[in-house]
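Structure record follows, encoded as structure tokens.
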Amino acid sequence: MLGYYVRLAAISIRENAVMSLLMITAVAVGIGTCMTIVTVNYIMAKDPIPQKSEVLYAVQLDSWNPNDAFRDDGSPPDQLTYTDALALMDARSAFRQTAMVGTSLIVQPDDPDSKPFQASGRAAYADFFAMFDTPFLFGSGWDADADRRLEQVVVLSREMNDRLFGGENSVGENITLGSYDYRVVGVLDTWQPMPKFYDVTTGPFDKTEDVFVPFSLVASLQLPRNGNTNCWKPVDGDGYEAFLASECIWIQFWAELRNDAEKREYLAFLDNYVNDQKSLGRFARPLNNRVNDVNEWMDVMRVVDSNATMMLPVSIMFLTVCLLNTIGLLLAKFLGKAPEIALRRALGASKRALFVQYLVESGCIGVAGGVVGVVLTWLGLRGIEALFGDLVENLVQLDLVMVTAAVVLAIVSSMAAGLYPTWRACNIEPAAQLKSQ
Amino acid sequence: MEIGPILRAMTRNKIGAILIALQIAFTMTVVVNAYFMIEERMRLMERPSGVVEDQLFHISTRGFTPDFNGKVSVQDDLALLRQTPGIVDAVAINAIPLSGGGWSMSLQVEPGDGEQGHGVAIYMVDDHGLDTLGVELIAGRDFTPADVRERGPATSDWPDKAIISEATVKALWADANPLEVVGRTAYINDDEPVTIIGVVEKLQAPWNGWTTVEQSMLVPDKLIWTGVRYMVRTEPGRRDEMMPIVEELLARSNNQRIVRAPESMAETRARSYALDSGLAKILGVIMAMLVSITSLGIVGLASFSVRRRTKQIGIRRALGAKKRDILRYFLVENFMITTLGVVLGAVMTVGFNVWLVQALNFPKIDWLYVPIGMLALWLIGIIAVLGPARRATAVPPAVATRTV
């Protein structure tokens, strides 16, 4: 029976080609616009590391200006000073922990013909790789000894390994970064958490870094900082040592705490640490230490752009208008068929049969609209990419979840749009219609 | 006017009217808010940065060998650039207007910890700074070579002279005019005195979203870092031609460093406002699509209702109604539906804006947009219904005698 209804629907859709096209277009444009916006929001707000997002915590200490909170709502700074980061690393009170900072390094290929180039880097501790579940293609991260002994070791991104070693296993090879030799200990597989949750202080949707080096080298080799540095107090004295000892914040800190007990203990540890520091004349603000898990941290750092949030209701209203339009057109179409419906009723078709038949017809329009809508969504995302360029590079991927969602939304919404017109159509009085024929 | 009969006829076919009214209401909500947002973004994008953007580009270099001499390198580069034909002037600078990256400090009128400070963006330049940027000095004097000192990576104190933007004057000394403040002292880093030697009309900070984007300060610090950025001013119309030449020139002069691709101020501006201009375009497209979809919906439903009422129209015509009367009937009917829509739309428009203001900190809409939006949608409704209504007037009175 369903096959027969689909055939009937096809005939009816072809009969009123212009009207049907208008309906399909309305559904498709509505779905396309809505899903484009939803996709961007979905990627922005997605859990970047679902298997661990509840055990990874961003650490905040309120080392800021006694007279002036870091943010108006009284929340503590989003980064740590070098002094505090080092103290927390030395204490090792969490199951795993890492301080980190973005850097940039100049890669000098051995081949004298290839020009040196700048690579984005991240300085972190050995735990970084285990904490964030980074996938390795070759080798592994370095160990805690390497951190302690200031070993010049490096983990390359897959892309960087392709560029420097043509994708071969480069573990054990040496490369020159900013005039120093580093030994490659590992090569990552493709790794692009979205958002780049471990450091959202600059671009939260940026690419992951090209090279990863031990954090201890930041001080010993004076690696450049690539990120925000905020100081509430002038640096006391000249030179790099003075900067490291200053109250400037520029380091992100993460701890892995496996359960509530560990979390409580860690918070207690932080409070103790800050109270100790208070006796040394630092941390003049009230005790305000915080740990936020990954998803809480994304909220605190307002990772979802407010423009994207604004577009969400706009696109939903847009879809609503498209659907209201479709309801109107379907209503006109079905009521226009009143004589035909009446004739079928008089010949014995049940209301139920008619209801299913016309619902199938709206469903067909929905499927067509949905398929075109997915294409339009893809085009819309390309359009956003063209408009915003590398600002959104990683935000405009269409995945299976979103494609399915688009098609389902199209079918459900056009069937919902078809419900009222269908109901009206099957309630047509056969006698009244047949009389005037 | 036959408002009574029209209203009664409409209540017999409520759904059609409601559908149109709702479409108009939603369309108005989006269109009016979107229009306001587009205007808002355009206004931001039109603010001048104060520098001669169409003659400027910037290029950065970074030495990577341990014995790379930043001081010598900067000296050589600037000498080379300044004598290159086609280039008006060049300067080593720590930050670029509109680029999003820079340095800000707090300036205060009274020395001491805890005094009120005003955030200003810092531009470190030498005595070629004003000439290169093309900013206009409205009071005091430019830096002289004698004012300029060197700033290395370890320098942490500040020079004792500065040129500030007019907006900075207003922030520090509310009602002073620029001429008066020349010679006054402000304090940086709580208590380091800085003498204001000049005021420029306009120079924006690097962050276009900063609330105090107009507050900036030029200091006579010649940068001798190993990584440095040059701002280059070319002769008018020769910017694009000079960019690759300069890149090549710098790359060839010293191979102990990398030279990054130059960027014109036009590109910097486009990148700076990419989000705003992109959003304005998206909203524009959405507005256009919504208006067309809604108008098509009105045309569709009105045509349908004309078709359904062919016989009644014929009867009215046979009973003496003129074409004019039929036209008026449909126009008035549509006007009533549209009115319902725009009244609902006005409430929703304000509601949506209230949400934007409260949840997302967007600017509050000017009330004038609401009546203008209502008028615009009324007009759109009437234009859309004109076609079907005209067709209705073509129904001949003879139809009344036939069965349709």
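By convention in this document, the chains of the structure tokens carry letters A, B, ... by their order, each chain's residues are numbered from 1, and ligands are numbered from 1 in the order they are shown.
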| Which chain A residues are at most 9 Å from chain B (counting only C-alpha atoms), as a PyMOL selection string? | chain A and resi 19+22+26+29+33+67+105-106+115-118+177-179+233-240+243+306-307+309-311+313-315+317-318+320-322+324-329+331-333+336+384+387-389+391+436-437
| message | To test your reading of the structure, identify every residue in range 227-374 of chain B that backbone DSSP assigns to strand (DSSP E or B), and report it as a PyMOL selection string. | response | chain B and resi 227-234+257-259+263-264
| task | Find the spatial neighbours of Val88 in chain B, counting only C-alpha atoms, within a cut-off of 10 Å - ignore same-chain residues fewer than 2 positions away - and output them as a VMD selection string. | result | chain B and resid 55 to 56 81 to 86 90 131 to 132 232 to 236
| request: Report the distance between CA of Ala410 in chain A and CA of Gly363 in chain A in Å, rounded to one decimal place. | output: 9.0 Å
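If you measure from each of A:Val403, A:Met1, A:Leu21, A:Leu270 to Val356 in chain A using only C-alpha atoms, the closest one turns out to be A:Met1.
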| In Å to one decimal, how far is CA of Ala386 in chain A from CA of Leu44 in chain B? | 21.6 Å
